[in-house]
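Shown here: data-v8.txt, compact mmCIF, C-alpha atoms.
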# COMPACT_ATOMS: atom_id res chain seq x y z
CA MET A 1 -25.84 -11.42 6.03
CA ASP A 2 -25.34 -12.58 2.44
CA SER A 3 -24.33 -16.24 2.55
CA SER A 4 -21.94 -15.69 -0.36
CA LEU A 5 -19.75 -13.63 1.97
CA ASP A 6 -19.49 -16.54 4.39
CA GLU A 7 -18.43 -18.85 1.57
CA ALA A 8 -15.79 -16.51 0.15
CA GLN A 9 -12.24 -17.69 0.66
CA PRO A 10 -9.78 -15.23 2.22
CA VAL A 11 -7.74 -13.39 -0.37
CA GLN A 12 -4.02 -14.16 -0.26
CA LEU A 13 -1.19 -11.69 -0.84
CA SER A 14 2.10 -12.38 -2.59
CA VAL A 15 4.90 -9.97 -3.50
CA VAL A 16 6.94 -9.20 -6.59
CA ILE A 17 10.68 -8.85 -6.00
CA ASP A 18 11.72 -5.43 -7.25
CA GLY A 19 13.90 -5.77 -10.35
CA ARG A 20 16.02 -2.82 -9.22
CA LEU A 21 17.45 -4.85 -6.32
CA ASP A 22 20.67 -6.81 -6.60
CA GLY A 23 20.78 -10.56 -6.07
CA GLY A 24 21.61 -10.38 -2.37
CA ARG A 25 18.80 -8.01 -1.55
CA ALA A 26 16.38 -10.01 -3.70
CA HIS A 27 17.26 -13.07 -1.61
CA GLN A 28 16.56 -11.08 1.56
CA VAL A 29 13.11 -10.11 0.30
CA ALA A 30 12.34 -13.74 -0.59
CA THR A 31 13.53 -14.89 2.84
CA LEU A 32 11.45 -12.31 4.69
CA ALA A 33 8.36 -13.04 2.59
CA GLY A 34 8.72 -16.72 3.48
CA ARG A 35 9.12 -16.02 7.19
CA LEU A 36 6.06 -13.78 7.13
CA GLY A 37 3.94 -16.52 5.58
CA LEU A 38 3.01 -14.65 2.40
CA ALA A 39 1.42 -16.60 -0.45
CA GLY A 40 4.39 -16.41 -2.79
CA ILE A 41 7.21 -14.47 -4.38
CA TRP A 42 7.38 -13.44 -8.02
CA LEU A 43 9.85 -12.00 -10.48
CA ARG A 44 8.69 -9.99 -13.46
CA LEU A 45 10.77 -10.39 -16.62
CA PRO A 46 11.62 -8.15 -18.26
CA TRP A 47 11.37 -5.67 -15.40
CA TRP A 48 9.55 -2.42 -16.04
CA PRO A 49 11.64 -0.01 -18.19
CA LEU A 50 12.88 2.17 -15.35
CA ALA A 51 16.16 3.88 -14.69
CA GLY A 52 18.65 1.40 -13.29
CA PRO A 53 20.02 -1.97 -14.39
CA SER A 54 19.24 -2.83 -18.00
CA GLY A 55 18.50 -6.19 -19.54
CA VAL A 56 15.97 -8.87 -18.84
CA GLY A 57 16.79 -9.09 -15.11
CA ALA A 58 17.48 -12.81 -15.25
CA ASP A 59 20.31 -12.42 -12.72
CA LEU A 60 17.61 -12.38 -10.03
CA LEU A 61 16.19 -15.77 -11.00
CA PRO A 62 18.23 -17.67 -8.35
CA ALA A 63 16.21 -15.80 -5.70
CA LEU A 64 13.17 -17.85 -6.72
CA GLY A 65 14.87 -21.05 -5.66
CA SER A 66 16.69 -19.70 -2.64
CA CYS A 67 13.96 -20.02 -0.03
CA ALA A 68 11.94 -22.96 1.18
CA GLY A 69 8.37 -22.63 2.35
CA ILE A 70 7.14 -20.06 -0.17
CA ARG A 71 5.78 -20.57 -3.67
CA PRO A 72 7.98 -19.18 -6.48
CA GLY A 73 6.46 -17.48 -9.50
CA LEU A 74 7.53 -15.79 -12.73
CA ILE A 75 5.55 -13.04 -14.46
CA VAL A 76 6.50 -12.77 -18.13
CA ASP A 77 5.67 -9.76 -20.29
CA ALA A 78 5.13 -11.81 -23.44
CA ASP A 79 5.13 -8.69 -25.61
CA ALA A 80 8.63 -7.76 -24.48
CA ALA A 81 10.34 -11.11 -23.84
CA ASP A 82 11.32 -13.24 -26.82
CA PRO A 83 10.49 -16.91 -26.08
CA ASP A 84 13.24 -18.26 -28.34
CA GLU A 85 15.87 -16.13 -26.60
CA ALA A 86 14.53 -17.21 -23.21
CA ASP A 87 14.52 -20.89 -24.22
CA ALA A 88 18.14 -20.67 -25.35
CA GLY A 89 19.37 -18.72 -22.36
CA TRP A 90 17.82 -17.20 -19.29
CA LEU A 91 15.15 -19.82 -18.58
CA GLY A 92 17.93 -22.24 -17.59
CA PRO A 93 18.12 -21.36 -13.87
CA LEU A 94 14.41 -22.07 -13.47
CA VAL A 95 15.10 -25.78 -13.83
CA ALA A 96 16.68 -25.62 -10.36
CA VAL A 97 13.64 -23.95 -8.79
CA PRO A 98 11.80 -26.32 -6.43
CA ALA A 99 8.65 -27.94 -7.78
CA GLY A 100 5.66 -25.65 -7.66
CA LEU A 101 6.81 -22.89 -10.04
CA ARG A 102 3.97 -20.68 -11.23
CA ILE A 103 4.15 -18.72 -14.46
CA ALA A 104 1.85 -15.79 -15.24
CA LEU A 105 1.80 -14.36 -18.76
CA THR A 106 0.67 -10.93 -19.86
CA GLY A 107 0.51 -9.59 -23.42
CA THR A 108 -1.48 -9.95 -26.61
CA PRO A 109 -3.15 -13.29 -27.39
CA ALA A 110 -0.52 -13.97 -30.09
CA THR A 111 2.53 -13.41 -27.87
CA VAL A 112 0.95 -15.22 -24.94
CA ALA A 113 0.28 -18.21 -27.20
CA ARG A 114 3.96 -18.33 -28.23
CA TRP A 115 5.00 -18.45 -24.59
CA GLN A 116 2.40 -21.05 -23.74
CA GLU A 117 3.77 -23.24 -26.51
CA LEU A 118 7.30 -22.84 -25.12
CA ILE A 119 6.20 -23.77 -21.61
CA GLY A 120 4.41 -26.79 -22.99
CA ARG A 121 7.60 -28.18 -24.49
CA ARG A 122 9.67 -27.54 -21.36
CA PRO A 123 8.43 -30.09 -18.80
CA ASP A 124 11.76 -29.65 -16.98
CA LEU A 125 10.43 -26.33 -15.68
CA ALA A 126 7.89 -28.26 -13.57
CA VAL A 127 5.25 -25.54 -13.88
CA SER A 128 2.50 -26.16 -11.33
CA GLN A 129 0.20 -23.33 -12.38
CA LEU A 130 -0.11 -21.38 -15.63
CA VAL A 131 -1.90 -18.05 -15.21
CA LEU A 132 -3.24 -16.31 -18.32
CA PRO A 133 -5.31 -13.17 -19.03
CA PRO A 134 -8.95 -13.75 -20.00
CA GLY A 135 -9.28 -14.80 -23.63
CA CYS A 136 -5.62 -15.78 -24.00
CA GLY A 137 -4.24 -19.26 -24.56
CA THR A 138 -5.93 -22.55 -23.85
CA ALA A 139 -6.84 -24.30 -20.62
CA PRO A 140 -5.09 -22.04 -18.09
CA LEU A 141 -5.11 -23.23 -14.50
CA ALA A 142 -5.82 -19.70 -13.29
CA VAL A 143 -6.82 -16.30 -14.70
CA PHE A 144 -4.57 -13.23 -14.54
CA VAL A 145 -5.48 -9.54 -14.23
CA PRO A 146 -2.28 -7.63 -15.12
CA CYS A 147 -1.82 -4.08 -13.91
CA ALA A 148 -1.67 -0.95 -16.05
CA PRO A 149 -2.09 2.78 -15.31
CA GLY A 150 -5.42 3.08 -17.16
CA ARG A 151 -6.94 -0.18 -15.97
CA ASP A 152 -10.51 -0.27 -14.67
CA LEU A 153 -9.64 -2.61 -11.80
CA ALA A 154 -13.19 -3.43 -10.73
CA ALA A 155 -14.37 -4.09 -14.29
CA GLU A 156 -11.37 -6.26 -15.18
CA VAL A 157 -11.69 -8.25 -11.97
CA SER A 158 -15.37 -8.83 -12.72
CA ALA A 159 -14.56 -10.03 -16.26
CA ALA A 160 -11.77 -12.28 -15.01
CA VAL A 161 -13.95 -13.86 -12.32
CA ALA A 162 -16.63 -14.58 -14.91
CA ALA A 163 -14.09 -16.10 -17.30
CA ALA A 164 -12.46 -18.14 -14.53
CA ALA A 165 -15.63 -20.12 -13.85
CA GLY A 166 -14.42 -21.16 -10.42
CA ARG A 167 -10.69 -21.25 -11.15
CA PRO A 168 -8.30 -19.02 -9.17
CA VAL A 169 -8.06 -15.35 -10.15
CA LEU A 170 -4.77 -13.52 -9.55
CA ALA A 171 -4.74 -9.73 -9.82
CA GLU A 172 -1.63 -7.57 -9.93
CA VAL A 173 -1.88 -4.52 -7.69
CA THR A 174 0.42 -1.72 -6.71
CA VAL A 175 0.67 -1.07 -2.98
CA SER A 176 1.57 1.89 -0.81
CA VAL A 177 0.70 1.56 2.87
CA GLY A 178 1.71 3.93 5.63
CA ARG A 179 0.91 4.79 9.21
CA THR A 180 -1.00 7.73 7.74
CA ALA A 181 -2.46 8.42 4.31
CA ALA A 182 0.15 11.15 3.89
CA GLU A 183 2.96 8.66 4.47
CA ALA A 184 1.44 6.27 1.94
CA ARG A 185 1.18 9.08 -0.60
CA ALA A 186 4.77 10.14 -0.01
CA ARG A 187 5.96 6.57 -0.68
CA ALA A 188 3.93 6.35 -3.88
CA ASP A 189 4.79 9.81 -5.20
CA THR A 190 8.54 9.23 -5.02
CA ASP A 191 8.64 5.87 -6.85
CA GLU A 192 8.67 5.96 -10.63
CA LEU A 193 7.46 2.35 -10.78
CA PHE A 194 3.92 3.54 -10.18
CA THR A 195 3.93 5.76 -13.27
CA LEU A 196 4.21 2.57 -15.34
CA ALA A 197 2.43 -0.04 -13.25
CA GLY A 198 -0.34 2.24 -12.01
CA TYR A 199 -0.84 4.48 -9.00
CA PRO A 200 -1.86 2.50 -5.91
CA ALA A 201 -4.83 4.72 -5.07
CA ARG A 202 -6.42 3.66 -8.36
CA GLN A 203 -4.72 0.34 -9.14
CA GLY A 204 -4.33 -1.41 -5.84
CA LEU A 205 -3.99 -0.95 -2.10
CA PHE A 206 -3.39 2.55 -0.78
CA GLY A 207 -3.52 4.43 2.51
CA THR A 208 -3.40 3.28 6.10
CA LEU A 209 -3.27 -0.37 7.11
CA GLU A 210 -7.00 -0.30 7.81
CA GLU A 211 -7.81 1.21 4.42
CA CYS A 212 -5.65 -1.37 2.64
CA GLN A 213 -7.30 -4.18 4.58
CA ALA A 214 -10.72 -2.95 3.50
CA THR A 215 -9.72 -2.72 -0.17
CA ALA A 216 -8.09 -6.16 -0.14
CA ALA A 217 -11.18 -7.64 1.51
CA GLN A 218 -13.44 -6.06 -1.11
CA LEU A 219 -11.33 -7.50 -3.94
CA GLY A 220 -11.44 -10.87 -2.24
CA HIS A 221 -15.21 -10.78 -1.98
CA SER A 222 -15.34 -9.79 -5.66
CA GLY A 223 -13.69 -13.11 -6.48
CA VAL A 224 -9.94 -12.44 -6.47
CA THR A 225 -8.05 -15.28 -4.79
CA GLU A 226 -4.58 -13.70 -4.76
CA LEU A 227 -3.24 -10.16 -4.95
CA VAL A 228 0.20 -9.98 -6.57
CA CYS A 229 1.73 -6.91 -4.96
CA TYR A 230 4.25 -4.39 -6.30
CA LEU A 231 5.79 -2.45 -3.42
CA PRO A 232 7.64 0.88 -3.36
CA LEU A 233 11.41 0.59 -3.21
CA ALA A 234 11.70 1.90 0.35
CA SER A 235 14.59 1.86 2.80
CA ASP A 236 12.26 0.25 5.37
CA LEU A 237 11.14 -2.51 3.02
CA PRO A 238 11.08 -5.14 5.82
CA ASP A 239 8.50 -3.01 7.64
CA VAL A 240 6.48 -2.69 4.43
CA LEU A 241 6.53 -6.48 4.01
CA ALA A 242 5.29 -6.87 7.59
CA GLN A 243 2.45 -4.48 6.78
CA VAL A 244 1.57 -6.60 3.74
CA ARG A 245 1.26 -9.58 6.08
CA SER A 246 -1.01 -7.50 8.32
CA ILE A 247 -3.17 -6.58 5.32
CA ALA A 248 -3.53 -10.26 4.40
CA ILE A 249 -4.52 -11.28 7.92
CA GLY A 250 -6.96 -8.41 8.36
CA ALA A 251 -8.53 -8.85 4.93
CA GLY A 252 -9.05 -12.54 5.65
CA VAL A 253 -11.49 -11.84 8.48
CA LEU A 254 -12.97 -8.52 7.37
CA ARG A 255 -16.41 -8.30 5.80
CA PRO A 256 -17.41 -5.26 3.71
CA GLY A 257 -18.72 -2.57 6.04
CA GLU A 258 -17.17 -4.04 9.18
CA PRO A 259 -14.38 -2.31 11.14
CA PRO A 260 -10.83 -3.47 10.36
CA SER A 261 -8.87 -5.85 12.53
CA ALA A 262 -5.93 -4.85 14.69
CA ALA A 263 -2.44 -5.32 13.29
CA PRO A 264 -0.91 -8.67 14.29
CA PRO A 265 2.32 -8.89 16.32
CA PRO A 266 5.61 -9.30 14.44
CA PRO A 267 6.80 -12.84 13.73
CA PRO A 268 9.18 -14.55 16.22
CA GLY A 269 12.71 -13.21 15.98
CA TRP A 270 11.67 -10.15 13.95
CA GLY A 271 14.49 -7.66 14.00
CA GLY A 272 13.37 -4.92 11.61
CA ARG A 273 16.30 -5.53 9.31
CA ARG A 274 16.58 -2.85 6.65
CA ILE A 275 17.02 -3.27 2.93
CA THR A 276 18.09 -0.34 0.83
CA ALA A 277 18.33 0.02 -2.91
Please lay out the structure from this file as structure tokens.
Amino acid sequence: MDSSLDEAQPVQLSVVIDGRLDGGRAHQVATLAGRLGLAGIWLRLPWWPLAGPSGVGADLLPALGSCAGIRPGLIVDADAADPDEADAGWLGPLVAVPAGLRIALTGTPATVARWQELIGRRPDLAVSQLVLPPGCGTAPLAVFVPCAPGRDLAAEVSAAVAAAAGRPVLAEVTVSVGRTAAEARARADTDELFTLAGYPARQGLFGTLEECQATAAQLGHSGVTELVCYLPLASDLPDVLAQVRSIAIGAGVLRPGEPPSAAPPPPPGWGGRRITA
């Protein structure tokens, strides 16, 4: 067996809180993600331009600081979010987020540079990791592969891993997992998020648990250290989060070409609590 596979670190999975949720439901997602042992929670600001609440979505920022035991993160669309407006207003609640805040930036080199300058003059944000796309900014602590419908995921991961030169690589992915491929497709087909962020079959993890484990493992062995997951806005979102945990565990032990692992048992006290939009 190729020794490089033995040396590869297991890929981690984190989740993006859906910007269409209200504050209470966002807190529930953060709490469940922490209990499930996922790698982190993220907010994307501004949220994708979908039907629903308008504005930057900063009312969800308290969810980042509401849960202990899970790393908080903020994904900023630097092309759409004005750094001066953020500095004067909605960045304020982030000061209360526990130490360890991660910020990932996506956009053109010029807009990313403006945001990097803002973060540099705001030490009160206590940013532990700045994640930038390849070729953007200076001295990032990690490299970011943002999602898009037309993205060549394998090619962009390869370029990011080369640019990272040993630093962490975080890739955004869309996710639709089901007990059958048909169930996964039904979830994906009914959520307009995937028309903007990219369809999971091409831009992330799609299909049964075993198929998603295999794809996550392959991305991990390609050099991705963390998959930042966008999930469908489903009524059984707690079950979907539990499946994300199962993907992470299975992908951590799976080698390309090997059969997938069995799904792990639910965490202690799991009650299948439902979250609806």
How big is the axis-aligned box around the listed atoms of stretch 126-145 of chain A once 4 Å is added on each side, and where is its centre? Give both in Å to one decimal, as lines of an AutoDock Vina configuration file.
center_x = -0.7
center_y = -18.9
center_z = -17.9
size_x = 25.2
size_y = 26.7
size_z = 21.2
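When only C-alpha atoms are used to compute distances to A:Ser246, the closest of the residues A:Val177, A:Ala164, A:Leu193, A:Ala58 turns out to be A:Val177.
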Select all residues near (2.9, -17.9, 5.3) (cut-off 10 Å, inclusive, file coordinates), counting only C-alpha atoms, and output them as a PDB file with C-alpha atoms, in the frame of the given file.
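Result file point.pdb:
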ATOM      1  CA  GLN A  12      -4.020 -14.160  -0.260  1.00  0.00           C
ATOM      2  CA  LEU A  13      -1.190 -11.690  -0.840  1.00  0.00           C
ATOM      3  CA  SER A  14       2.100 -12.380  -2.590  1.00  0.00           C
ATOM      4  CA  ALA A  33       8.360 -13.040   2.590  1.00  0.00           C
ATOM      5  CA  GLY A  34       8.720 -16.720   3.480  1.00  0.00           C
ATOM      6  CA  ARG A  35       9.120 -16.020   7.190  1.00  0.00           C
ATOM      7  CA  LEU A  36       6.060 -13.780   7.130  1.00  0.00           C
ATOM      8  CA  GLY A  37       3.940 -16.520   5.580  1.00  0.00           C
ATOM      9  CA  LEU A  38       3.010 -14.650   2.400  1.00  0.00           C
ATOM     10  CA  ALA A  39       1.420 -16.600  -0.450  1.00  0.00           C
ATOM     11  CA  GLY A  40       4.390 -16.410  -2.790  1.00  0.00           C
ATOM     12  CA  GLY A  69       8.370 -22.630   2.350  1.00  0.00           C
ATOM     13  CA  ILE A  70       7.140 -20.060  -0.170  1.00  0.00           C
ATOM     14  CA  ARG A  71       5.780 -20.570  -3.670  1.00  0.00           C
ATOM     15  CA  ARG A 245       1.260  -9.580   6.080  1.00  0.00           C
TER      16      ARG A 245
END
Length of the atom CA of A:Asp82 to atom CA of A:Leu101 vector [Å]: 19.9 Å
For the atom pair atom CA of A:Leu43 and atom CA of A:Ile249, what is the interatomic distance in Å to one decimal place?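 Computing it gives 23.4 Å between the two atoms.
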Distance criterion (only C-alpha atoms): nearest to A:Asp236 out of A:Val29, A:Ala217, A:Leu91, A:Leu209: A:Val29
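Take the candidates A:Ala26, A:Val131, A:Leu241, A:Val173 and check each one against A:Tyr199 using only C-alpha atoms; the shortest distance goes to A:Val173.
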Excluding A:Pro123 and any residue of its chain fewer than 5 positions from it, enumerate the residues within 12 Å of it, using all atoms listed in the file, and give them as a PDB file with C-alpha atoms, in the frame of the given file.
ATOM      1  CA  LEU A  94      14.410 -22.070 -13.470  1.00  0.00           C
ATOM      2  CA  VAL A  95      15.100 -25.780 -13.830  1.00  0.00           C
ATOM      3  CA  ALA A  99       8.650 -27.940  -7.780  1.00  0.00           C
ATOM      4  CA  LEU A 101       6.810 -22.890 -10.040  1.00  0.00           C
ATOM      5  CA  GLN A 116       2.400 -21.050 -23.740  1.00  0.00           C
ATOM      6  CA  GLU A 117       3.770 -23.240 -26.510  1.00  0.00           C
ATOM      7  CA  LEU A 118       7.300 -22.840 -25.120  1.00  0.00           C
ATOM      8  CA  SER A 128       2.500 -26.160 -11.330  1.00  0.00           C
TER       9      SER A 128
END
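The protein and nucleic acid residues lying at most 7 Å from A:Val224 are Val11, Val169, Leu170, Ala171, Leu219 and Gly220 of chain A, with all atoms listed in the file considered and sequence neighbours fewer than 4 positions away removed.
Closest approach to A:Ala201 among A:Ala68, A:Ala81, A:Thr225, A:Val175 is made by A:Val175 (distances from all atoms listed in the file).
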In Å, how far is it from atom CA of A:Leu74 to atom CA of A:Ala113?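 According to the coordinates, atom CA of A:Leu74 and atom CA of A:Ala113 are separated by 16.4 Å.
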Would you please work out which residue, of A:Val16, A:Leu205, A:Ala80, A:Leu132, is nearest to A:Ala248 when using all atoms listed in the file?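 Counting all atoms listed in the file, the residue closest to A:Ala248 is A:Leu205.
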Shell of 9 Å around A:Gln203, all atoms listed in the file, local chain residues under 5 positions omitted, as number ranges by chain: A: 147-153, 172-175, 197-198
A:Ala86, A:Leu233, A:Leu32, A:Val228: which is nearest A:Phe194, counting all atoms listed in the file?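 With all atoms listed in the file as the atom set, the closest residue is A:Leu233.
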Pick out the residues sitting within 10 Å of A:Ile119, and hand them over as an MDAnalysis selection string; count all atoms listed in the file, and ignore anything fewer than 5 positions along from it in its own chain. chainID A and resid 83 87 103 113:114 124:127 130
List as a ChimeraX atom specification the protein and nucleic acid residues near A:Asp189, meaning an atom at most 10 Å away when all atoms listed in the file are counted, but skip any in the same chain fewer than 6 places from it. /A:176,183,195,199-200,232
Go ahead and find all residues with at least one atom no further than 7 Å from (1.8, 5.9, 1.5) in the file's coordinates, using all atoms listed in the file; report them as a PyMOL selection string. chain A and resi 176-178+181-188+206-207
Please return stretch 27-45 of chain A, rebuilt to N, CA, C and O atoms, as a PDB file, keeping the file's coordinate frame.
ATOM      1  N   HIS A  27      17.314 -11.891  -2.489  1.00  0.00           N
ATOM      2  CA  HIS A  27      17.260 -13.070  -1.610  1.00  0.00           C
ATOM      3  C   HIS A  27      16.711 -12.686  -0.244  1.00  0.00           C
ATOM      4  O   HIS A  27      15.927 -13.448   0.353  1.00  0.00           O
ATOM      5  N   GLN A  28      17.080 -11.523   0.269  1.00  0.00           N
ATOM      6  CA  GLN A  28      16.560 -11.080   1.560  1.00  0.00           C
ATOM      7  C   GLN A  28      15.053 -10.904   1.518  1.00  0.00           C
ATOM      8  O   GLN A  28      14.342 -11.293   2.453  1.00  0.00           O
ATOM      9  N   VAL A  29      14.554 -10.306   0.435  1.00  0.00           N
ATOM     10  CA  VAL A  29      13.110 -10.110   0.300  1.00  0.00           C
ATOM     11  C   VAL A  29      12.402 -11.463   0.270  1.00  0.00           C
ATOM     12  O   VAL A  29      11.381 -11.674   0.940  1.00  0.00           O
ATOM     13  N   ALA A  30      12.947 -12.411  -0.508  1.00  0.00           N
ATOM     14  CA  ALA A  30      12.340 -13.740  -0.590  1.00  0.00           C
ATOM     15  C   ALA A  30      12.336 -14.418   0.780  1.00  0.00           C
ATOM     16  O   ALA A  30      11.351 -15.056   1.176  1.00  0.00           O
ATOM     17  N   THR A  31      13.435 -14.286   1.520  1.00  0.00           N
ATOM     18  CA  THR A  31      13.530 -14.890   2.840  1.00  0.00           C
ATOM     19  C   THR A  31      12.500 -14.297   3.795  1.00  0.00           C
ATOM     20  O   THR A  31      11.790 -15.016   4.516  1.00  0.00           O
ATOM     21  N   LEU A  32      12.399 -12.967   3.808  1.00  0.00           N
ATOM     22  CA  LEU A  32      11.450 -12.310   4.690  1.00  0.00           C
ATOM     23  C   LEU A  32      10.014 -12.656   4.329  1.00  0.00           C
ATOM     24  O   LEU A  32       9.179 -12.892   5.206  1.00  0.00           O
ATOM     25  N   ALA A  33       9.714 -12.701   3.030  1.00  0.00           N
ATOM     26  CA  ALA A  33       8.360 -13.040   2.590  1.00  0.00           C
ATOM     27  C   ALA A  33       7.993 -14.451   3.055  1.00  0.00           C
ATOM     28  O   ALA A  33       6.856 -14.708   3.473  1.00  0.00           O
ATOM     29  N   GLY A  34       8.963 -15.372   3.002  1.00  0.00           N
ATOM     30  CA  GLY A  34       8.720 -16.720   3.480  1.00  0.00           C
ATOM     31  C   GLY A  34       8.478 -16.759   4.978  1.00  0.00           C
ATOM     32  O   GLY A  34       7.567 -17.438   5.461  1.00  0.00           O
ATOM     33  N   ARG A  35       9.280 -16.035   5.734  1.00  0.00           N
ATOM     34  CA  ARG A  35       9.120 -16.020   7.190  1.00  0.00           C
ATOM     35  C   ARG A  35       7.785 -15.403   7.604  1.00  0.00           C
ATOM     36  O   ARG A  35       7.200 -15.785   8.630  1.00  0.00           O
ATOM     37  N   LEU A  36       7.316 -14.458   6.813  1.00  0.00           N
ATOM     38  CA  LEU A  36       6.060 -13.780   7.130  1.00  0.00           C
ATOM     39  C   LEU A  36       4.836 -14.588   6.683  1.00  0.00           C
ATOM     40  O   LEU A  36       3.702 -14.202   6.967  1.00  0.00           O
ATOM     41  N   GLY A  37       5.057 -15.678   5.983  1.00  0.00           N
ATOM     42  CA  GLY A  37       3.940 -16.520   5.580  1.00  0.00           C
ATOM     43  C   GLY A  37       3.125 -15.976   4.432  1.00  0.00           C
ATOM     44  O   GLY A  37       1.929 -16.293   4.314  1.00  0.00           O
ATOM     45  N   LEU A  38       3.739 -15.154   3.552  1.00  0.00           N
ATOM     46  CA  LEU A  38       3.010 -14.650   2.400  1.00  0.00           C
ATOM     47  C   LEU A  38       2.773 -15.768   1.385  1.00  0.00           C
ATOM     48  O   LEU A  38       3.395 -16.830   1.441  1.00  0.00           O
ATOM     49  N   ALA A  39       1.877 -15.530   0.450  1.00  0.00           N
ATOM     50  CA  ALA A  39       1.420 -16.600  -0.450  1.00  0.00           C
ATOM     51  C   ALA A  39       2.436 -16.965  -1.521  1.00  0.00           C
ATOM     52  O   ALA A  39       2.336 -18.028  -2.125  1.00  0.00           O
ATOM     53  N   GLY A  40       3.417 -16.102  -1.769  1.00  0.00           N
ATOM     54  CA  GLY A  40       4.390 -16.410  -2.790  1.00  0.00           C
ATOM     55  C   GLY A  40       5.291 -15.234  -3.085  1.00  0.00           C
ATOM     56  O   GLY A  40       5.074 -14.109  -2.619  1.00  0.00           O
ATOM     57  N   ILE A  41       6.345 -15.514  -3.852  1.00  0.00           N
ATOM     58  CA  ILE A  41       7.210 -14.470  -4.380  1.00  0.00           C
ATOM     59  C   ILE A  41       7.235 -14.603  -5.893  1.00  0.00           C
ATOM     60  O   ILE A  41       7.105 -15.701  -6.437  1.00  0.00           O
ATOM     61  N   TRP A  42       7.386 -13.482  -6.564  1.00  0.00           N
ATOM     62  CA  TRP A  42       7.380 -13.440  -8.020  1.00  0.00           C
ATOM     63  C   TRP A  42       8.548 -12.589  -8.511  1.00  0.00           C
ATOM     64  O   TRP A  42       9.011 -11.666  -7.825  1.00  0.00           O
ATOM     65  N   LEU A  43       8.998 -12.898  -9.714  1.00  0.00           N
ATOM     66  CA  LEU A  43       9.850 -12.000 -10.480  1.00  0.00           C
ATOM     67  C   LEU A  43       9.111 -11.647 -11.762  1.00  0.00           C
ATOM     68  O   LEU A  43       8.416 -12.493 -12.338  1.00  0.00           O
ATOM     69  N   ARG A  44       9.266 -10.416 -12.188  1.00  0.00           N
ATOM     70  CA  ARG A  44       8.690  -9.990 -13.460  1.00  0.00           C
ATOM     71  C   ARG A  44       9.834  -9.805 -14.454  1.00  0.00           C
ATOM     72  O   ARG A  44      10.785  -9.057 -14.199  1.00  0.00           O
ATOM     73  N   LEU A  45       9.755 -10.490 -15.584  1.00  0.00           N
ATOM     74  CA  LEU A  45      10.770 -10.390 -16.620  1.00  0.00           C
ATOM     75  C   LEU A  45      10.118 -10.101 -17.971  1.00  0.00           C
ATOM     76  O   LEU A  45       9.142 -10.751 -18.333  1.00  0.00           O
TER      77      LEU A  45
END
